[in-house]
$ cat upload_24.pdb   # PDB, C-alpha atoms
ATOM      1  CA  MET U   1     -16.745-115.822-244.927
ATOM      2  CA  ASN U   2     -15.957-112.419-246.440
ATOM      3  CA  LYS U   3     -19.648-111.555-246.376
ATOM      4  CA  ASN U   4     -19.838-112.307-242.659
ATOM      5  CA  LEU U   5     -16.736-110.255-241.974
ATOM      6  CA  ILE U   6     -18.148-107.246-243.896
ATOM      7  CA  PHE U   7     -21.495-107.608-242.114
ATOM      8  CA  PHE U   8     -19.747-107.744-238.737
ATOM      9  CA  PHE U   9     -17.645-104.695-239.650
ATOM     10  CA  ILE U  10     -20.776-102.692-240.639
ATOM     11  CA  ILE U  11     -22.530-103.598-237.382
ATOM     12  CA  LEU U  12     -19.439-102.557-235.416
ATOM     13  CA  LEU U  13     -19.323 -99.178-237.212
ATOM     14  CA  TYR U  14     -23.014 -98.612-236.574
ATOM     15  CA  ILE U  15     -22.704 -99.343-232.849
ATOM     16  CA  ASN U  16     -19.635 -97.151-232.566
ATOM     17  CA  SER U  17     -21.278 -94.205-234.371
ATOM     18  CA  CYS U  18     -24.365 -94.429-232.138
ATOM     19  CA  SER U  19     -22.114 -94.290-229.106
ATOM     20  CA  VAL U  20     -20.277 -91.221-230.451
ATOM     21  CA  PHE U  21     -23.600 -89.535-231.220
ATOM     22  CA  GLU U  22     -24.855 -90.148-227.663
ATOM     23  CA  GLN U  23     -21.608 -88.784-226.170
ATOM     24  CA  THR U  24     -21.871 -85.630-228.311
ATOM     25  CA  LYS U  25     -25.498 -85.161-227.313
ATOM     26  CA  ASN U  26     -24.618 -85.475-223.608
ATOM     27  CA  LEU U  27     -21.716 -83.038-223.981
ATOM     28  CA  LEU U  28     -24.030 -80.459-225.577
ATOM     29  CA  LYS U  29     -26.527 -80.846-222.745
ATOM     30  CA  GLU U  30     -23.801 -80.256-220.170
ATOM     31  CA  ASN U  31     -22.508 -77.130-221.931
ATOM     32  CA  ASN U  32     -25.984 -75.642-222.371
ATOM     33  CA  SER U  33     -27.169 -76.171-218.850
ATOM     34  CA  ALA U  34     -30.148 -74.346-217.385
ATOM     35  CA  LYS U  35     -27.787 -72.242-215.279
ATOM     36  CA  GLU U  36     -27.098 -69.905-218.213
ATOM     37  CA  ASN U  37     -29.557 -67.112-218.891
ATOM     38  CA  THR U  38     -30.379 -66.839-222.575
ATOM     39  CA  ASN U  39     -32.180 -63.820-224.006
ATOM     40  CA  LEU U  40     -34.205 -63.648-227.187
ATOM     41  CA  ILE U  41     -34.802 -60.262-228.771
ATOM     42  CA  PHE U  42     -38.024 -59.648-230.705
ATOM     43  CA  LEU U  43     -38.428 -56.580-232.912
ATOM     44  CA  ASN U  44     -41.702 -54.891-232.179
ATOM     45  CA  PHE U  45     -41.922 -52.284-234.948
ATOM     46  CA  LYS U  46     -45.701 -52.331-235.341
ATOM     47  CA  SER U  47     -46.368 -51.623-231.684
ATOM     48  CA  ALA U  48     -43.765 -48.838-231.615
ATOM     49  CA  ILE U  49     -45.217 -47.068-234.663
ATOM     50  CA  GLU U  50     -48.789 -47.531-233.380
ATOM     51  CA  ASN U  51     -47.834 -45.803-230.116
ATOM     52  CA  ILE U  52     -46.058 -42.963-231.914
ATOM     53  CA  VAL U  53     -48.961 -42.361-234.312
ATOM     54  CA  LEU U  54     -51.444 -42.459-231.436
ATOM     55  CA  GLU U  55     -49.441 -39.819-229.556
ATOM     56  CA  MET U  56     -49.187 -37.778-232.757
ATOM     57  CA  SER U  57     -52.965 -37.901-233.212
ATOM     58  CA  HIS U  58     -53.480 -36.415-229.727
ATOM     59  CA  ASN U  59     -50.905 -33.649-230.180
ATOM     60  CA  GLU U  60     -52.593 -30.244-230.135
ATOM     61  CA  SER U  61     -49.894 -28.496-232.181
ATOM     62  CA  ILE U  62     -50.718 -30.570-235.277
ATOM     63  CA  PHE U  63     -53.602 -29.440-237.447
ATOM     64  CA  PHE U  64     -55.498 -32.313-239.070
ATOM     65  CA  SER U  65     -57.599 -31.931-242.193
ATOM     66  CA  LYS U  66     -58.219 -33.792-245.443
ATOM     67  CA  LYS U  67     -56.780 -30.713-247.207
ATOM     68  CA  ILE U  68     -53.476 -31.186-245.398
ATOM     69  CA  SER U  69     -50.958 -33.257-247.327
ATOM     70  CA  LEU U  70     -48.201 -35.339-245.816
ATOM     71  CA  TYR U  71     -44.993 -36.573-247.410
ATOM     72  CA  ILE U  72     -43.625 -39.728-245.792
ATOM     73  CA  ASN U  73     -40.031 -40.399-246.730
ATOM     74  CA  MET U  74     -38.494 -43.880-246.828
ATOM     75  CA  LEU U  75     -37.464 -45.120-243.391
ATOM     76  CA  ASN U  76     -33.739 -44.557-242.907
ATOM     77  CA  ASN U  77     -31.995 -47.500-241.235
ATOM     78  CA  GLU U  78     -28.858 -46.276-239.459
ATOM     79  CA  SER U  79     -28.335 -49.561-237.620
ATOM     80  CA  HIS U  80     -26.224 -52.494-238.778
ATOM     81  CA  ILE U  81     -29.282 -54.764-238.775
ATOM     82  CA  PHE U  82     -30.869 -55.714-242.094
ATOM     83  CA  LEU U  83     -34.481 -54.562-242.240
ATOM     84  CA  GLU U  84     -36.917 -54.267-245.117
ATOM     85  CA  ASN U  85     -37.241 -50.484-245.289
ATOM     86  CA  LYS U  86     -40.049 -50.429-247.886
ATOM     87  CA  LYS U  87     -42.264 -52.729-245.830
ATOM     88  CA  LEU U  88     -41.612 -50.752-242.662
ATOM     89  CA  THR U  89     -42.340 -47.461-244.465
ATOM     90  CA  ASN U  90     -45.605 -48.919-245.756
ATOM     91  CA  LEU U  91     -46.463 -49.984-242.212
ATOM     92  CA  ILE U  92     -45.970 -46.362-241.110
ATOM     93  CA  ARG U  93     -48.299 -45.189-243.902
ATOM     94  CA  ILE U  94     -50.926 -47.764-242.964
ATOM     95  CA  GLN U  95     -50.823 -46.823-239.278
ATOM     96  CA  ILE U  96     -51.151 -43.107-240.061
ATOM     97  CA  PHE U  97     -54.052 -43.843-242.390
ATOM     98  CA  LYS U  98     -55.778 -46.072-239.798
ATOM     99  CA  LYS U  99     -55.224 -43.953-236.692
ATOM    100  CA  ILE U 100     -55.424 -40.422-238.063
ATOM    101  CA  ASN U 101     -57.050 -40.711-241.522
ATOM    102  CA  LYS U 102     -57.116 -36.919-241.854
ATOM    103  CA  PHE U 103     -54.060 -36.480-244.046
ATOM    104  CA  ASN U 104     -53.762 -36.656-247.780
ATOM    105  CA  ILE U 105     -50.612 -38.795-248.082
ATOM    106  CA  ILE U 106     -48.578 -37.957-251.175
ATOM    107  CA  HIS U 107     -48.120 -41.036-253.338
ATOM    108  CA  THR U 108     -44.645 -42.358-254.169
ATOM    109  CA  ASN U 109     -45.282 -41.997-257.910
ATOM    110  CA  GLN U 110     -45.817 -38.244-257.481
ATOM    111  CA  ILE U 111     -42.585 -37.962-255.470
ATOM    112  CA  ASN U 112     -40.684 -39.901-258.166
ATOM    113  CA  LYS U 113     -42.063 -37.539-260.802
ATOM    114  CA  THR U 114     -40.862 -34.540-258.776
ATOM    115  CA  LYS U 115     -37.452 -36.174-258.280
ATOM    116  CA  LYS U 116     -37.147 -36.527-262.040
ATOM    117  CA  GLU U 117     -38.117 -32.868-262.562
ATOM    118  CA  LEU U 118     -35.474 -31.777-260.036
ATOM    119  CA  GLY U 119     -32.798 -33.999-261.580
ATOM    120  CA  LEU U 120     -32.647 -36.422-258.659
ATOM    121  CA  SER U 121     -32.440 -40.178-259.044
ATOM    122  CA  GLU U 122     -35.814 -41.891-258.651
ATOM    123  CA  ASP U 123     -34.031 -44.906-257.160
ATOM    124  CA  ASP U 124     -32.443 -42.870-254.359
ATOM    125  CA  ASN U 125     -34.909 -43.364-251.511
ATOM    126  CA  PHE U 126     -32.535 -42.373-248.744
ATOM    127  CA  ILE U 127     -32.377 -38.615-249.110
ATOM    128  CA  ASN U 128     -31.442 -36.058-246.487
ATOM    129  CA  VAL U 129     -33.997 -33.919-244.679
ATOM    130  CA  ASN U 130     -33.312 -30.775-246.738
ATOM    131  CA  THR U 131     -33.905 -32.579-250.036
ATOM    132  CA  ALA U 132     -37.010 -34.251-248.610
ATOM    133  CA  ILE U 133     -38.404 -30.861-247.557
ATOM    134  CA  LEU U 134     -37.698 -29.546-251.076
ATOM    135  CA  LEU U 135     -39.638 -32.492-252.521
ATOM    136  CA  ALA U 136     -42.459 -31.878-250.042
ATOM    137  CA  ARG U 137     -42.617 -28.173-250.968
ATOM    138  CA  ASN U 138     -42.729 -28.980-254.670
ATOM    139  CA  ASN U 139     -45.703 -31.268-253.968
ATOM    140  CA  GLN U 140     -47.484 -28.678-251.788
ATOM    141  CA  ALA U 141     -47.157 -30.869-248.691
ATOM    142  CA  THR U 142     -47.898 -29.281-245.340
ATOM    143  CA  TYR U 143     -45.997 -31.831-243.269
ATOM    144  CA  TYR U 144     -43.010 -34.068-243.832
ATOM    145  CA  LEU U 145     -42.581 -37.240-241.762
ATOM    146  CA  ASP U 146     -38.985 -38.331-241.227
ATOM    147  CA  SER U 147     -38.346 -41.719-239.636
ATOM    148  CA  LYS U 148     -35.164 -43.598-238.845
ATOM    149  CA  ILE U 149     -33.921 -46.587-236.932
ATOM    150  CA  ILE U 150     -30.893 -45.835-234.801
ATOM    151  CA  ILE U 151     -28.737 -47.550-232.212
ATOM    152  CA  ASN U 152     -28.058 -45.559-229.064
ATOM    153  CA  ASN U 153     -26.256 -47.100-226.091
ATOM    154  CA  LYS U 154     -26.875 -50.576-227.527
ATOM    155  CA  LEU U 155     -30.622 -49.869-227.796
ATOM    156  CA  LEU U 156     -32.440 -50.214-231.115
ATOM    157  CA  LEU U 157     -34.746 -47.201-231.439
ATOM    158  CA  LEU U 158     -37.345 -45.852-233.857
ATOM    159  CA  LYS U 159     -37.181 -42.074-234.134
ATOM    160  CA  VAL U 160     -40.002 -40.186-235.862
ATOM    161  CA  LYS U 161     -40.160 -36.456-236.592
ATOM    162  CA  LEU U 162     -43.058 -34.520-238.077
ATOM    163  CA  ILE U 163     -41.764 -31.359-239.722
ATOM    164  CA  LEU U 164     -43.755 -28.342-240.854
ATOM    165  CA  VAL U 165     -42.612 -27.942-244.470
ATOM    166  CA  LYS U 166     -43.188 -24.188-244.680
ATOM    167  CA  THR U 167     -40.791 -23.343-241.832
ATOM    168  CA  GLY U 168     -38.758 -26.525-241.305
ATOM    169  CA  GLU U 169     -39.876 -26.553-237.669
ATOM    170  CA  ILE U 170     -40.081 -29.932-235.931
ATOM    171  CA  ILE U 171     -43.570 -29.930-234.453
ATOM    172  CA  PHE U 172     -43.588 -33.508-233.189
ATOM    173  CA  GLN U 173     -40.757 -35.852-232.278
ATOM    174  CA  LYS U 174     -40.858 -39.211-230.558
ATOM    175  CA  THR U 175     -38.417 -42.065-229.988
ATOM    176  CA  LYS U 176     -39.466 -45.583-229.003
ATOM    177  CA  ASN U 177     -37.666 -48.857-228.301
ATOM    178  CA  LEU U 178     -38.107 -51.329-231.122
ATOM    179  CA  TYR U 179     -37.786 -54.533-229.192
ATOM    180  CA  TYR U 180     -38.487 -56.422-226.068
ATOM    181  CA  ILE U 181     -36.300 -59.088-224.482
ATOM    182  CA  GLN U 182     -37.621 -62.446-223.402
ATOM    183  CA  ASN U 183     -35.548 -64.441-220.943
ATOM    184  CA  ILE U 184     -35.294 -68.163-221.562
ATOM    185  CA  TYR U 185     -33.900 -70.469-218.920
TER     186      TYR U 185
END
$ encode --input "upload_24.pdb" --output "structure tokens"
Amino acid sequence: MNKNLIFFFIILLYINSCSVFEQTKNLLKENNSAKENTNLIFLNFKSAIENIVLEMSHNESIFFSKKISLYINMLNNESHIFLENKKLTNLIRIQIFKKINKFNIIHTNQINKTKKELGLSEDDNFINVNTAILLARNNQATYYLDSKIIINNKLLLLKVKLILVKTGEIIFQKTKNLYYIQNIY
């Protein structure tokens, strides 16, 4: 008789738990009704950098030649969002190489060697513009590309500046939104 009582008790628990599960599922459906507007945000870094590089390639104030060298610093992320800065910096390099292909891009190893000569830490990739221009000058770079991700009025933006190393003059500057919003109902 004890076996029957235990079996009955297990069946009762199973039925009760299924009922609780169904009630919870219905409650969730009611709270997440189709009346609420839900937005998903997708980062669109590749498209933003492609557009910036394309505009840069058509800019008449920039002289393009294989003899011209370009120093691309590590992307500076000033937002509170975690992003893989090395991958995004490499994406910038790839887009410049694909779209323009008329720059001699200074390799990271050469920059690290110059950092060591100047007494800077090789691991410090997030350097200020003045130090980056010093590194570019020591590597005979003509241009320095500074890029950063910023938040302005709750917008996530990619800001790119091309600086003439000799004078420090900003010869190209562009800011693009990094995302698009998709509404889900």
$ resolve_selection --input "upload_24.pdb" --expression "the PyMOL selection byres ((chain U and resi 171) around 8)" --output "list in words"
Ser61, Ile62, Lys161, Leu162, Ile163, Leu164, Glu169, Ile170, Phe172 and Gln173 of chain U
$ atom_distance --input "upload_24.pdb" --atom1 "atom CA of U:Val53" --atom2 "atom CA of U:Asn90"
13.6 Å
$ atom_distance --input "upload_24.pdb" --atom1 "atom CA of U:Ala141" --atom2 "atom CA of U:Lys66"
11.9 Å
$ closest_residue --input "upload_24.pdb" --among "U:Arg137, U:His58, U:Lys116, U:Lys87" --to "U:Lys166" --atoms "all atoms listed in the file"
U:Arg137
$ atom_distance --input "upload_24.pdb" --atom1 "atom CA of U:Lys99" --atom2 "atom CA of U:Lys148"
20.2 Å
$ resolve_selection --input "upload_24.pdb" --expression "the PyMOL selection byres ((chain U and resi 106) around 8)" --output "MDAnalysis selection string"
chainID U and resid 69:72 104:105 107:108 110:111 139 141
$ closest_residue --input "upload_24.pdb" --among "U:Lys113, U:Lys102, U:His80, U:Arg93" --to "U:Lys154" --atoms "only C-alpha atoms"
U:His80
$ resolve_selection --input "upload_24.pdb" --expression "the PyMOL selection byres ((chain U and resi 73) around 9)" --output "ChimeraX atom specification"
/U:71-72,74-76,89,108,125-127,132,144-147
$ closest_residue --input "upload_24.pdb" --among "U:Gln95, U:Thr114, U:Gln140, U:Thr167" --to "U:Phe45" --atoms "all atoms listed in the file"
U:Gln95
$ closest_residue --input "upload_24.pdb" --among "U:Lys174, U:Ser47, U:Leu134, U:Asn112" --to "U:Asn59" --atoms "only C-alpha atoms"
U:Lys174
